[in-house]
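Notes follow once the structure below has been shown.
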Amino acid sequence: MKTLWWQTVGTGNCHLVLLHGWGLNAEVWRCVSEELASHFTLHLVDLPGYGRSRGFGAMSLDEMAEQVLNAAPQNAIWLGWSLGGLVASQIALSRPDRVKALVTVASSPCFSAQDAWPGIKPEVLAGFQQQLSDDFQRTVERFLALQTMGTETARKDARTLKQTVLSLPMPEVEVLNGGLELLKTVDLREPLAALTVPHLRIYGYLDGIVPRKVVPLLDSLWPESESQIVAKAAHAPFISHPTEFCSALIALSQRFD
């Protein structure tokens with residue numbers, strides 16, 4: 001049976017839906033959920049096939065977006081981290097009437113490196129897919145370690161991510177493979193240029209998965225959007241720099257008061 005895990009906390013006037021990244025689950029937001037719940041009505045979601053959302057196989061981006069949207073409040077700020085950024089972006093593109101603002105965190109509309117476009121080399125993503133079937137847990141741990149590399153709190157942050165993964169049943173290999181396939185193939189650069197809702201992009205200066213070189217390229221491609229770079233953060237700025245992260249979201253919400 002397919003069941004999407006969803007938890008609502010907080011009593012703020014503004015709804016905020018948080019979508020996690022590849023391999024993880026909604027527990028990753030616990031480091032900021034208390035602070036955010038005092039300003040927002042917060043919606044914590046395990047993406048289909050991840051964490052407590054069981055019974056789902058590999059899905060297309062459209063299918064994943066539709067499943068999440070079905071359970072969501074009518075009008076919310078949608079925030080997606082990494083792979084979750086693609087899901088939130090797809091929701092903003094398909095149902096802008098349901099999206100007050102889009103926030104993408106350490107996310108790219110095109111994760112895969114291409115001509116003159118910085119990103120993860122496709123062969124690296126393909127390698128992760130191969131390694132998943134060989135040594136499932138070690139591959140996930142390696143990907144998590146990549147996300148915090150270079151920060152002052154790298155070891156502690158990597159431990160936080162690992163504990164988040166291990167706190168709940170691991171996703172099926174099919175689901176993880178499907179997620180990597182989305183990172184490898186999805187390209188939303190052109191569709192998002194026509195986005196009509198406010199769009200805030202938050203990056204980590206030290207991010208090895210979404211290189212900071214994408215920021216000026218997207219500033220140019222999407223002049224209506226805003227970008228912020230957290231100076232000493234890598235791929236998980238909400239874990240390494242929770243105060244800066246929460247401040248940016250609270251400032252965004254005040255525009256809608």
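As shown in the structure tokens, the chain order sets the letters A, B, ...; within each chain, residues go from 1, and ligands are also counted from 1 in the order they appear.
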Select from region 143-253 of chain A every residue with an atom at most 8 Å from any atom of region 25-40 of chain A, then for each give the shortest pair of atoms and their distance in Å to one decimal, using only C-alpha atoms, rows by chain and rising number, as CSV.
residue,atom,partner,partner_atom,distance
A:Thr160,CA,A:Val28,CA,7.9
A:Leu161,CA,A:Val28,CA,6.8
A:Thr164,CA,A:Val28,CA,5.8
A:Val165,CA,A:Asn25,CA,6.9
A:Phe238,CA,A:Val32,CA,7.1
A:Ile239,CA,A:Cys31,CA,6.6
A:Pro242,CA,A:Val32,CA,6.2
A:Cys246,CA,A:Leu36,CA,6.6
A:Ile250,CA,A:His39,CA,7.1
CA of Glu174 (chain A) to CA of Val140 (chain A): how many Å, to one decimal?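 If I compute the distance from CA of Glu174 (chain A) to CA of Val140 (chain A), I get 13.3 Å.
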Using only C-alpha atoms, can you tell me which of A:Ser227, A:Gln254, A:Thr139, A:Asn70 comes closest to Ala106 (chain A)?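 Going through A:Ser227, A:Gln254, A:Thr139, A:Asn70 one by one, the smallest distance to Ala106 (chain A) is for A:Ser227.
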List as a list in words the protein and nucleic acid residues near region 114-127 of chain A, meaning an atom at most 9 Å away when only C-alpha atoms are counted, but skip any in the same chain fewer than 3 places from it.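 Non-adjacent residues within range: Ser108, Cys110, Phe111, Gln130, Gln131, Leu132, Leu180, Glu181, Leu183, Lys184, Thr185, Gly208, Ile209, Val210, Pro211, Arg212, Lys213, Val214 and Leu217 of chain A.
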Mind checking which residues fall within 8 Å of Thr41 (chain A), counting only C-alpha atoms, ignoring those fewer than 5 positions away in the same chain, and posting them as a PyMOL selection string? chain A and resi 8-16
Please identify which residues in region 21-93 of chain A DSSP calls alpha helix (DSSP H) from the backbone, and express them as a PyMOL selection string. chain A and resi 30-37+61-70+83-93
Fewer than 6 positions away in the same chain doesn't count, so skip those; otherwise give me all residues within 12 Å of Ile202 (chain A), counting only C-alpha atoms, as a ChimeraX atom specification. /A:79-82,85,102-108,210,212,214-215,218,225-231,233-238,241,244-249
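The list of residues with at least one atom within 8 Å of Gly179 (chain A), based on only C-alpha atoms and without residues fewer than 4 positions apart in the same chain, reads Trp22, Ala58, Leu83, Val175 and Leu183 of chain A.
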